[in-house]
>>> print(open('data_26.cif').read())   # mmCIF, C-alpha atoms
data_protein
#
loop_
_atom_site.label_atom_id
_atom_site.label_comp_id
_atom_site.auth_asym_id
_atom_site.auth_seq_id
_atom_site.Cartn_x
_atom_site.Cartn_y
_atom_site.Cartn_z
CA ASN A 314 12.39 8.88 -7.41
CA ILE A 315 15.62 7.39 -6.04
CA ILE A 316 14.23 4.08 -4.73
CA PRO A 317 12.56 3.00 -8.02
CA LEU A 318 15.82 3.67 -9.89
CA LEU A 319 17.88 1.64 -7.42
CA GLU A 320 15.39 -1.22 -7.74
CA GLN A 321 15.31 -0.91 -11.54
CA TYR A 322 19.09 -1.30 -11.80
CA ASP A 323 19.20 -3.96 -9.06
CA ILE A 324 21.41 -1.89 -6.76
CA PRO A 325 21.15 -3.19 -3.16
CA PHE A 326 20.46 -0.53 -0.55
CA ASN A 327 19.46 0.00 3.05
CA ALA A 328 16.75 2.52 3.95
CA VAL A 329 15.90 3.80 7.43
CA ASP A 330 12.27 4.89 7.88
CA ILE A 331 12.19 6.01 4.28
CA TYR A 332 10.62 3.17 2.28
CA PRO A 333 6.96 4.09 1.56
CA THR A 334 4.69 1.34 2.87
CA VAL A 335 1.90 2.23 0.45
CA ASN A 336 4.08 1.23 -2.52
CA LEU A 337 4.40 -2.39 -1.39
CA SER A 338 2.44 -4.86 -3.52
CA SER A 339 1.10 -6.63 -0.42
CA ILE A 340 -0.31 -3.41 1.03
CA GLN A 341 -1.95 -2.51 -2.27
CA ASP A 342 -3.50 -5.97 -2.58
CA LEU A 343 -4.62 -6.28 1.06
CA SER A 344 -6.37 -2.91 0.78
CA ALA A 345 -8.12 -3.98 -2.42
CA LEU A 346 -9.10 -7.30 -0.81
CA TYR A 347 -10.67 -5.49 2.16
CA ALA A 348 -12.59 -3.21 -0.21
CA PHE A 349 -13.90 -6.08 -2.33
CA LEU A 350 -14.93 -8.15 0.69
CA THR A 351 -16.89 -5.25 2.18
CA ASP A 352 -18.28 -3.96 -1.12
CA PRO A 353 -18.92 -6.62 -3.80
CA HIS A 354 -19.79 -3.84 -6.28
CA ASP A 355 -16.26 -2.37 -6.11
CA ALA A 356 -15.24 -3.48 -9.60
CA LEU A 357 -11.76 -1.93 -9.49
CA SER A 358 -10.80 -3.69 -6.25
CA LYS A 359 -12.18 -6.93 -7.65
CA MET A 360 -9.99 -6.65 -10.75
CA ILE A 361 -6.93 -5.80 -8.65
CA ILE A 362 -7.40 -8.95 -6.57
CA MET A 363 -8.03 -11.15 -9.61
CA ARG A 364 -4.81 -9.93 -11.22
CA SER A 365 -2.79 -10.04 -7.99
CA PRO A 366 -0.59 -13.01 -6.99
CA LEU A 367 -3.46 -14.15 -4.73
CA CYS A 368 -5.36 -15.20 -7.84
CA GLY A 369 -3.23 -14.53 -10.91
CA LEU A 370 -5.79 -14.37 -13.70
CA SER A 371 -4.51 -13.56 -17.17
CA LEU A 372 -5.30 -10.26 -18.87
CA ASP A 373 -7.52 -12.11 -21.35
CA ALA A 374 -9.54 -13.50 -18.43
CA LEU A 375 -9.93 -10.04 -16.90
CA ALA A 376 -11.15 -8.69 -20.24
CA THR A 377 -13.71 -11.49 -20.50
CA ILE A 378 -14.96 -10.86 -16.95
CA SER A 379 -15.12 -7.09 -17.38
CA HIS A 380 -17.35 -7.43 -20.46
CA SER A 381 -19.77 -9.83 -18.78
CA PRO A 382 -22.66 -8.97 -16.41
CA PRO A 383 -21.38 -9.79 -12.86
CA LYS A 384 -24.46 -11.74 -11.79
CA ASP A 385 -24.62 -13.83 -14.96
CA PHE A 386 -20.92 -14.54 -15.38
CA ASP A 387 -20.09 -18.15 -16.12
CA SER A 388 -16.50 -19.16 -15.35
CA LYS A 389 -16.70 -21.71 -18.19
CA LEU A 390 -16.06 -18.77 -20.50
CA LEU A 391 -12.47 -18.76 -19.21
CA HIS A 392 -9.62 -21.03 -20.22
CA GLU A 393 -9.10 -24.05 -17.98
CA LEU A 394 -6.32 -22.60 -15.78
CA ASP A 395 -8.04 -19.22 -15.37
CA GLN A 396 -11.30 -21.01 -14.60
CA LYS A 397 -9.67 -22.94 -11.73
CA LEU A 398 -8.04 -19.79 -10.34
CA TYR A 399 -11.26 -17.80 -10.59
CA ASN A 400 -13.40 -20.48 -8.95
CA LYS A 401 -10.92 -20.89 -6.08
CA LEU A 402 -10.90 -17.14 -5.38
CA ILE A 403 -14.68 -16.74 -5.50
CA SER A 404 -15.21 -19.85 -3.36
CA THR A 405 -12.74 -18.59 -0.74
CA ILE A 406 -14.29 -15.11 -0.64
CA THR A 407 -17.80 -16.56 -0.34
CA GLN A 408 -16.65 -18.75 2.54
CA ALA A 409 -15.00 -15.78 4.26
CA ARG A 410 -18.14 -13.67 4.05
CA ARG A 411 -20.26 -16.53 5.38
CA ASN A 412 -18.05 -17.55 8.30
CA HIS A 413 -16.67 -14.24 9.59
CA MET A 414 -18.49 -11.04 10.53
CA HIS A 415 -15.39 -8.90 11.15
CA PRO A 416 -14.03 -7.59 7.80
CA VAL A 417 -10.40 -7.85 8.90
CA HIS A 418 -10.99 -11.48 9.90
CA GLN A 419 -12.42 -12.04 6.42
CA VAL A 420 -9.28 -10.61 4.88
CA TRP A 421 -7.09 -12.78 7.11
CA PHE A 422 -9.07 -15.90 6.17
CA VAL A 423 -8.71 -15.25 2.42
CA TRP A 424 -5.06 -14.28 2.84
CA HIS A 425 -4.32 -17.49 4.73
CA GLN A 426 -6.33 -19.76 2.42
CA LEU A 427 -4.61 -18.36 -0.67
CA SER A 428 -1.12 -18.62 0.91
CA GLY A 429 -0.48 -14.88 0.95
CA GLU A 430 2.52 -15.06 3.29
CA GLN A 431 4.23 -17.56 1.00
CA ILE A 432 3.47 -15.64 -2.20
CA TYR A 433 4.71 -12.15 -1.32
CA PRO A 434 8.37 -11.24 -0.62
CA LYS A 435 9.56 -12.10 2.87
CA ASP A 436 10.81 -8.57 3.49
CA GLN A 437 7.20 -7.37 3.29
CA LEU A 438 6.07 -9.52 6.24
CA PRO A 439 6.51 -6.75 8.87
CA ALA A 440 4.40 -4.42 6.73
CA ILE A 441 1.76 -7.12 6.25
CA HIS A 442 1.46 -7.77 9.99
CA ASN A 443 1.33 -4.03 10.61
CA TRP A 444 -1.46 -3.70 8.01
CA PHE A 445 -3.68 -6.10 9.93
CA GLU A 446 -3.00 -4.33 13.23
CA GLU A 447 -3.57 -0.84 11.84
CA VAL A 448 -6.73 -1.67 9.89
CA SER A 449 -8.19 -3.54 12.87
CA THR A 450 -7.64 -0.41 14.98
CA LEU A 451 -9.20 1.84 12.32
CA PHE A 452 -12.22 -0.47 12.11
CA GLN A 453 -12.66 -0.50 15.90
CA GLU A 454 -12.52 3.30 15.90
CA ASN A 455 -15.38 3.32 13.36
CA HIS A 456 -13.45 4.92 10.54
CA ALA A 457 -15.09 4.73 7.12
CA LEU A 458 -12.77 2.33 5.31
CA SER A 459 -12.38 1.94 1.57
CA ARG A 460 -9.42 1.02 -0.59
CA SER A 461 -8.49 4.67 -1.11
CA SER A 462 -8.87 5.62 2.56
CA ILE A 463 -6.76 2.67 3.72
CA LEU A 464 -4.04 3.51 1.19
CA SER A 465 -4.20 7.15 2.27
CA HIS A 466 -3.58 6.03 5.86
CA PHE A 467 -0.53 4.00 4.87
CA SER A 468 0.82 6.76 2.64
CA LYS A 469 2.03 8.37 5.86
CA ALA A 470 3.88 5.24 6.99
CA TYR A 471 7.47 4.34 6.17
CA LEU A 472 9.51 1.22 6.73
CA SER A 473 13.17 0.44 7.02
CA ARG A 474 14.74 -1.90 4.51
CA SER A 475 17.88 -3.94 5.08
CA THR A 476 19.77 -5.69 2.28
CA PRO A 477 22.88 -7.84 2.95
CA ASN A 478 26.13 -6.32 1.65
CA ALA A 479 24.41 -3.11 0.53
CA GLN A 480 26.79 -0.23 -0.15
CA VAL A 481 24.09 2.45 -0.44
CA GLU A 482 22.37 3.88 2.64
CA LEU A 483 19.25 6.02 2.29
CA LEU A 484 18.70 8.26 5.32
CA THR A 485 16.68 11.32 6.21
CA ALA A 486 18.25 14.36 7.83
CA HIS A 487 16.40 13.42 11.01
CA LYS A 488 18.17 10.06 11.21
CA SER A 489 21.73 11.02 10.38
CA LYS A 490 23.93 14.03 9.71
CA GLY A 491 26.09 11.99 7.35
CA LEU A 492 29.29 12.50 9.31
CA GLU A 493 29.84 8.76 9.64
CA TYR A 494 30.16 8.31 5.85
CA GLU A 495 33.01 9.18 3.51
CA HIS A 496 30.68 10.22 0.71
CA VAL A 497 27.26 11.83 1.14
CA ILE A 498 24.89 12.77 -1.69
CA ILE A 499 22.08 15.22 -0.95
CA PRO A 500 19.49 15.09 -3.76
CA HIS A 501 17.08 17.79 -4.94
CA MET A 502 19.23 20.70 -3.85
CA GLU A 503 17.89 22.58 -6.86
CA LYS A 504 14.49 22.85 -5.19
CA ARG A 505 13.67 26.05 -3.35
CA LYS A 506 11.44 26.37 -0.34
CA PRO A 507 8.53 28.72 -1.11
CA SER A 508 8.76 32.09 0.56
CA ALA A 509 6.70 32.60 3.70
CA SER A 510 3.28 34.11 3.09
CA THR A 511 3.26 35.87 6.48
CA PRO A 512 4.78 39.37 6.20
CA LEU A 513 7.81 40.17 8.32
CA PHE A 514 6.28 43.48 9.46
CA PHE A 515 2.77 44.84 9.80
CA THR A 516 1.34 48.28 10.61
CA GLU A 517 -1.43 49.02 13.11
CA GLN A 518 -3.75 51.88 12.27
CA SER A 519 -3.87 54.29 15.19
CA SER A 520 -3.16 57.87 16.02
CA SER A 521 0.47 56.86 16.33
CA PRO A 522 1.33 54.15 13.75
CA ILE A 523 3.28 51.26 15.18
CA ILE A 524 5.55 49.04 13.10
CA GLN A 525 6.63 45.81 14.71
CA PRO A 526 7.90 42.42 13.60
CA THR A 527 5.42 39.52 13.46
#
>>> encode(input="data_26.cif", output="structure tokens")
Amino acid sequence: NIIPLLEQYDIPFNAVDIYPTVNLSSIQDLSALYAFLTDPHDALSKMIIMRSPLCGLSLDALATISHSPPKDFDSKLLHELDQKLYNKLISTITQARRNHMHPVHQVWFVWHQLSGEQIYPKDQLPAIHNWFEEVSTLFQENHALSRSSILSHFSKAYLSRSTPNAQVELLTAHKSKGLEYEHVIIPHMEKRKPSASTPLFFTEQSSSPIIQPT
């Protein structure tokens, strides 16, 4: 809960292996793009991509598309700007599916054609490059990949974030003991660790009962 508040109030901060990769817009959109390229019937992933910076359709356009049969949809139903954006996206995706067999190569083609690396924040570039490497590995290992499974994989990944002149440092206990700082704030101290379910002692049934620590 700390990172969203710092971002909301525009407070610069540095974070060491603590920034959740799965929350990055680029990771969310790349995962949806992979899902839509591999499953054209994935309506949710399709809508995510159409609304994302890669396409940028308006909410009115999304409403029009969602209420129209997919096979019979005519882009002329959209306003001129939305029509151009929609046609460019569909044309690029069709070309990717036709020219590339490897799903990750399809994603890279669409990402490159729609200027993904110029659209998303520069500080997300390491996460973007890591996404392509990780998903390629998962595909080669024959994992069943969907938008949710890819996001689940990246939910376990964390990045560092560096901001010039930041006065706030976010660290885990594994990275620092805090002794190098004048002021240290430890959040969530009100939380209690649940008691262990394993009993401290147990009794063996025998002619001579034995009590011993576990």
>>> closest_residue(input="data_26.cif", among="A:Ile499, A:Leu372, A:Ala328, A:Ile441", to="A:Ser344", atoms="all atoms listed in the file")
A:Ile441
>>> residues_near_point(input="data_26.cif", point="(-19.4, -8.0, -7.6)", cutoff="12 Å", atoms="only C-alpha atoms", output="PyMOL selection string")
chain A and resi 348-360+363+378-379+381-386+403+406-407
>>> resolve_selection(input="data_26.cif", expression="the PyMOL selection byres ((chain A and resi 347) around 12)", output="PyMOL selection string")
chain A and resi 340-346+348-353+355+358-359+361-362+406+409-410+415-424+444-445+448-449+452+458-464
>>> write_last_selection(input="data_26.cif", atoms="C-alpha atoms", output="compact mmCIF listing (two decimals), in the coordinates of the input")
# COMPACT_ATOMS: atom_id res chain seq x y z
CA ILE A 340 -0.31 -3.41 1.03
CA GLN A 341 -1.95 -2.51 -2.27
CA ASP A 342 -3.50 -5.97 -2.58
CA LEU A 343 -4.62 -6.28 1.06
CA SER A 344 -6.37 -2.91 0.78
CA ALA A 345 -8.12 -3.98 -2.42
CA LEU A 346 -9.10 -7.30 -0.81
CA ALA A 348 -12.59 -3.21 -0.21
CA PHE A 349 -13.90 -6.08 -2.33
CA LEU A 350 -14.93 -8.15 0.69
CA THR A 351 -16.89 -5.25 2.18
CA ASP A 352 -18.28 -3.96 -1.12
CA PRO A 353 -18.92 -6.62 -3.80
CA ASP A 355 -16.26 -2.37 -6.11
CA SER A 358 -10.80 -3.69 -6.25
CA LYS A 359 -12.18 -6.93 -7.65
CA ILE A 361 -6.93 -5.80 -8.65
CA ILE A 362 -7.40 -8.95 -6.57
CA ILE A 406 -14.29 -15.11 -0.64
CA ALA A 409 -15.00 -15.78 4.26
CA ARG A 410 -18.14 -13.67 4.05
CA HIS A 415 -15.39 -8.90 11.15
CA PRO A 416 -14.03 -7.59 7.80
CA VAL A 417 -10.40 -7.85 8.90
CA HIS A 418 -10.99 -11.48 9.90
CA GLN A 419 -12.42 -12.04 6.42
CA VAL A 420 -9.28 -10.61 4.88
CA TRP A 421 -7.09 -12.78 7.11
CA PHE A 422 -9.07 -15.90 6.17
CA VAL A 423 -8.71 -15.25 2.42
CA TRP A 424 -5.06 -14.28 2.84
CA TRP A 444 -1.46 -3.70 8.01
CA PHE A 445 -3.68 -6.10 9.93
CA VAL A 448 -6.73 -1.67 9.89
CA SER A 449 -8.19 -3.54 12.87
CA PHE A 452 -12.22 -0.47 12.11
CA LEU A 458 -12.77 2.33 5.31
CA SER A 459 -12.38 1.94 1.57
CA ARG A 460 -9.42 1.02 -0.59
CA SER A 461 -8.49 4.67 -1.11
CA SER A 462 -8.87 5.62 2.56
CA ILE A 463 -6.76 2.67 3.72
CA LEU A 464 -4.04 3.51 1.19
>>> atom_distance(input="data_26.cif", atom1="atom CA of A:Thr450", atom2="atom CA of A:Phe467")
13.1 Å
>>> residues_around(input="data_26.cif", residues="A:Ala479", least_positions_apart="6", cutoff="9 Å", atoms="only C-alpha atoms", output="PDB file with C-alpha atoms, keeping the file's coordinate frame")
ATOM      1  CA  ILE A 324      21.410  -1.890  -6.760  1.00  0.00           C
ATOM      2  CA  PRO A 325      21.150  -3.190  -3.160  1.00  0.00           C
ATOM      3  CA  PHE A 326      20.460  -0.530  -0.550  1.00  0.00           C
ATOM      4  CA  ASN A 327      19.460   0.000   3.050  1.00  0.00           C
TER       5      ASN A 327
END
>>> residues_around(input="data_26.cif", residues="A:Asp373", least_positions_apart="4", cutoff="12 Å", atoms="only C-alpha atoms", output="VMD selection string")
chain A and resid 363 to 364 369 377 to 380 390 to 392 394 to 396
>>> closest_residue(input="data_26.cif", among="A:Leu427, A:Leu451, A:Val329, A:Leu318", to="A:Thr476", atoms="all atoms listed in the file")
A:Val329
>>> resolve_selection(input="data_26.cif", expression="the PyMOL selection byres ((chain A and resi 470) around 10)", output="list of chain:residue names")
A:Asp330, A:Ile331, A:Tyr332, A:Pro333, A:Thr334, A:Val335, A:Ala440, A:Leu464, A:Ser465, A:His466, A:Phe467, A:Ser468, A:Lys469, A:Tyr471, A:Leu472
>>> atom_distance(input="data_26.cif", atom1="atom CA of A:Ile315", atom2="atom CA of A:Pro500")
8.9 Å
>>> atom_distance(input="data_26.cif", atom1="atom CA of A:Pro439", atom2="atom CA of A:Ile316")
19.0 Å
>>> decode(input="data_26.cif", residues="stretch 437-459 of chain A", atoms="N, CA, C and O atoms", output="PDB file, in the first residue's frame")
ATOM      1  N   GLN A 437      10.496   1.328 -17.421  1.00  0.00           N
ATOM      2  CA  GLN A 437       9.923  -0.015 -17.529  1.00  0.00           C
ATOM      3  C   GLN A 437      10.670  -0.899 -18.538  1.00  0.00           C
ATOM      4  O   GLN A 437      10.370  -2.085 -18.661  1.00  0.00           O
ATOM      5  N   LEU A 438      11.637  -0.325 -19.239  1.00  0.00           N
ATOM      6  CA  LEU A 438      12.350  -1.077 -20.277  1.00  0.00           C
ATOM      7  C   LEU A 438      13.019  -2.351 -19.752  1.00  0.00           C
ATOM      8  O   LEU A 438      12.929  -3.409 -20.396  1.00  0.00           O
ATOM      9  N   PRO A 439      13.699  -2.312 -18.588  1.00  0.00           N
ATOM     10  CA  PRO A 439      14.281  -3.568 -18.089  1.00  0.00           C
ATOM     11  C   PRO A 439      13.226  -4.644 -17.850  1.00  0.00           C
ATOM     12  O   PRO A 439      13.459  -5.825 -18.145  1.00  0.00           O
ATOM     13  N   ALA A 440      12.076  -4.246 -17.335  1.00  0.00           N
ATOM     14  CA  ALA A 440      10.998  -5.214 -17.096  1.00  0.00           C
ATOM     15  C   ALA A 440      10.440  -5.750 -18.414  1.00  0.00           C
ATOM     16  O   ALA A 440      10.089  -6.931 -18.516  1.00  0.00           O
ATOM     17  N   ILE A 441      10.370  -4.896 -19.416  1.00  0.00           N
ATOM     18  CA  ILE A 441       9.869  -5.315 -20.735  1.00  0.00           C
ATOM     19  C   ILE A 441      10.806  -6.348 -21.355  1.00  0.00           C
ATOM     20  O   ILE A 441      10.363  -7.400 -21.846  1.00  0.00           O
ATOM     21  N   HIS A 442      12.100  -6.079 -21.339  1.00  0.00           N
ATOM     22  CA  HIS A 442      13.075  -7.016 -21.894  1.00  0.00           C
ATOM     23  C   HIS A 442      13.047  -8.329 -21.118  1.00  0.00           C
ATOM     24  O   HIS A 442      13.142  -9.418 -21.708  1.00  0.00           O
ATOM     25  N   ASN A 443      12.896  -8.225 -19.810  1.00  0.00           N
ATOM     26  CA  ASN A 443      12.827  -9.429 -18.979  1.00  0.00           C
ATOM     27  C   ASN A 443      11.565 -10.236 -19.295  1.00  0.00           C
ATOM     28  O   ASN A 443      11.590 -11.475 -19.271  1.00  0.00           O
ATOM     29  N   TRP A 444      10.469  -9.543 -19.602  1.00  0.00           N
ATOM     30  CA  TRP A 444       9.219 -10.235 -19.957  1.00  0.00           C
ATOM     31  C   TRP A 444       9.444 -11.135 -21.171  1.00  0.00           C
ATOM     32  O   TRP A 444       9.038 -12.306 -21.166  1.00  0.00           O
ATOM     33  N   PHE A 445      10.073 -10.603 -22.198  1.00  0.00           N
ATOM     34  CA  PHE A 445      10.298 -11.397 -23.407  1.00  0.00           C
ATOM     35  C   PHE A 445      11.197 -12.597 -23.113  1.00  0.00           C
ATOM     36  O   PHE A 445      10.945 -13.706 -23.615  1.00  0.00           O
ATOM     37  N   GLU A 446      12.218 -12.406 -22.317  1.00  0.00           N
ATOM     38  CA  GLU A 446      13.118 -13.515 -21.974  1.00  0.00           C
ATOM     39  C   GLU A 446      12.398 -14.587 -21.160  1.00  0.00           C
ATOM     40  O   GLU A 446      12.504 -15.784 -21.452  1.00  0.00           O
ATOM     41  N   GLU A 447      11.658 -14.150 -20.153  1.00  0.00           N
ATOM     42  CA  GLU A 447      10.979 -15.100 -19.266  1.00  0.00           C
ATOM     43  C   GLU A 447       9.889 -15.879 -20.008  1.00  0.00           C
ATOM     44  O   GLU A 447       9.773 -17.106 -19.858  1.00  0.00           O
ATOM     45  N   VAL A 448       9.085 -15.189 -20.783  1.00  0.00           N
ATOM     46  CA  VAL A 448       7.975 -15.855 -21.478  1.00  0.00           C
ATOM     47  C   VAL A 448       8.507 -16.784 -22.571  1.00  0.00           C
ATOM     48  O   VAL A 448       7.943 -17.858 -22.807  1.00  0.00           O
ATOM     49  N   SER A 449       9.592 -16.403 -23.214  1.00  0.00           N
ATOM     50  CA  SER A 449      10.223 -17.308 -24.191  1.00  0.00           C
ATOM     51  C   SER A 449      10.661 -18.602 -23.518  1.00  0.00           C
ATOM     52  O   SER A 449      10.451 -19.700 -24.058  1.00  0.00           O
ATOM     53  N   THR A 450      11.251 -18.476 -22.335  1.00  0.00           N
ATOM     54  CA  THR A 450      11.688 -19.657 -21.584  1.00  0.00           C
ATOM     55  C   THR A 450      10.494 -20.516 -21.179  1.00  0.00           C
ATOM     56  O   THR A 450      10.520 -21.751 -21.320  1.00  0.00           O
ATOM     57  N   LEU A 451       9.439 -19.888 -20.687  1.00  0.00           N
ATOM     58  CA  LEU A 451       8.238 -20.631 -20.293  1.00  0.00           C
ATOM     59  C   LEU A 451       7.635 -21.367 -21.488  1.00  0.00           C
ATOM     60  O   LEU A 451       7.185 -22.512 -21.367  1.00  0.00           O
ATOM     61  N   PHE A 452       7.631 -20.710 -22.648  1.00  0.00           N
ATOM     62  CA  PHE A 452       7.088 -21.338 -23.850  1.00  0.00           C
ATOM     63  C   PHE A 452       7.938 -22.541 -24.266  1.00  0.00           C
ATOM     64  O   PHE A 452       7.405 -23.603 -24.615  1.00  0.00           O
ATOM     65  N   GLN A 453       9.250 -22.396 -24.213  1.00  0.00           N
ATOM     66  CA  GLN A 453      10.149 -23.486 -24.586  1.00  0.00           C
ATOM     67  C   GLN A 453      10.030 -24.663 -23.625  1.00  0.00           C
ATOM     68  O   GLN A 453      10.260 -25.817 -24.009  1.00  0.00           O
ATOM     69  N   GLU A 454       9.662 -24.384 -22.389  1.00  0.00           N
ATOM     70  CA  GLU A 454       9.483 -25.447 -21.395  1.00  0.00           C
ATOM     71  C   GLU A 454       8.074 -26.039 -21.422  1.00  0.00           C
ATOM     72  O   GLU A 454       7.698 -26.819 -20.547  1.00  0.00           O
ATOM     73  N   ASN A 455       7.294 -25.620 -22.433  1.00  0.00           N
ATOM     74  CA  ASN A 455       5.948 -26.166 -22.668  1.00  0.00           C
ATOM     75  C   ASN A 455       4.955 -25.879 -21.543  1.00  0.00           C
ATOM     76  O   ASN A 455       4.062 -26.685 -21.263  1.00  0.00           O
ATOM     77  N   HIS A 456       5.107 -24.726 -20.917  1.00  0.00           N
ATOM     78  CA  HIS A 456       4.112 -24.317 -19.927  1.00  0.00           C
ATOM     79  C   HIS A 456       2.837 -23.870 -20.658  1.00  0.00           C
ATOM     80  O   HIS A 456       2.897 -23.288 -21.737  1.00  0.00           O
ATOM     81  N   ALA A 457       1.699 -24.142 -20.053  1.00  0.00           N
ATOM     82  CA  ALA A 457       0.430 -23.646 -20.593  1.00  0.00           C
ATOM     83  C   ALA A 457       0.336 -22.160 -20.251  1.00  0.00           C
ATOM     84  O   ALA A 457       0.260 -21.794 -19.074  1.00  0.00           O
ATOM     85  N   LEU A 458       0.351 -21.315 -21.267  1.00  0.00           N
ATOM     86  CA  LEU A 458       0.424 -19.880 -21.038  1.00  0.00           C
ATOM     87  C   LEU A 458      -0.882 -19.189 -21.407  1.00  0.00           C
ATOM     88  O   LEU A 458      -1.411 -19.370 -22.495  1.00  0.00           O
ATOM     89  N   SER A 459      -1.379 -18.418 -20.475  1.00  0.00           N
ATOM     90  CA  SER A 459      -2.538 -17.564 -20.675  1.00  0.00           C
ATOM     91  C   SER A 459      -2.219 -16.232 -20.010  1.00  0.00           C
ATOM     92  O   SER A 459      -1.169 -16.076 -19.364  1.00  0.00           O
TER      93      SER A 459
END
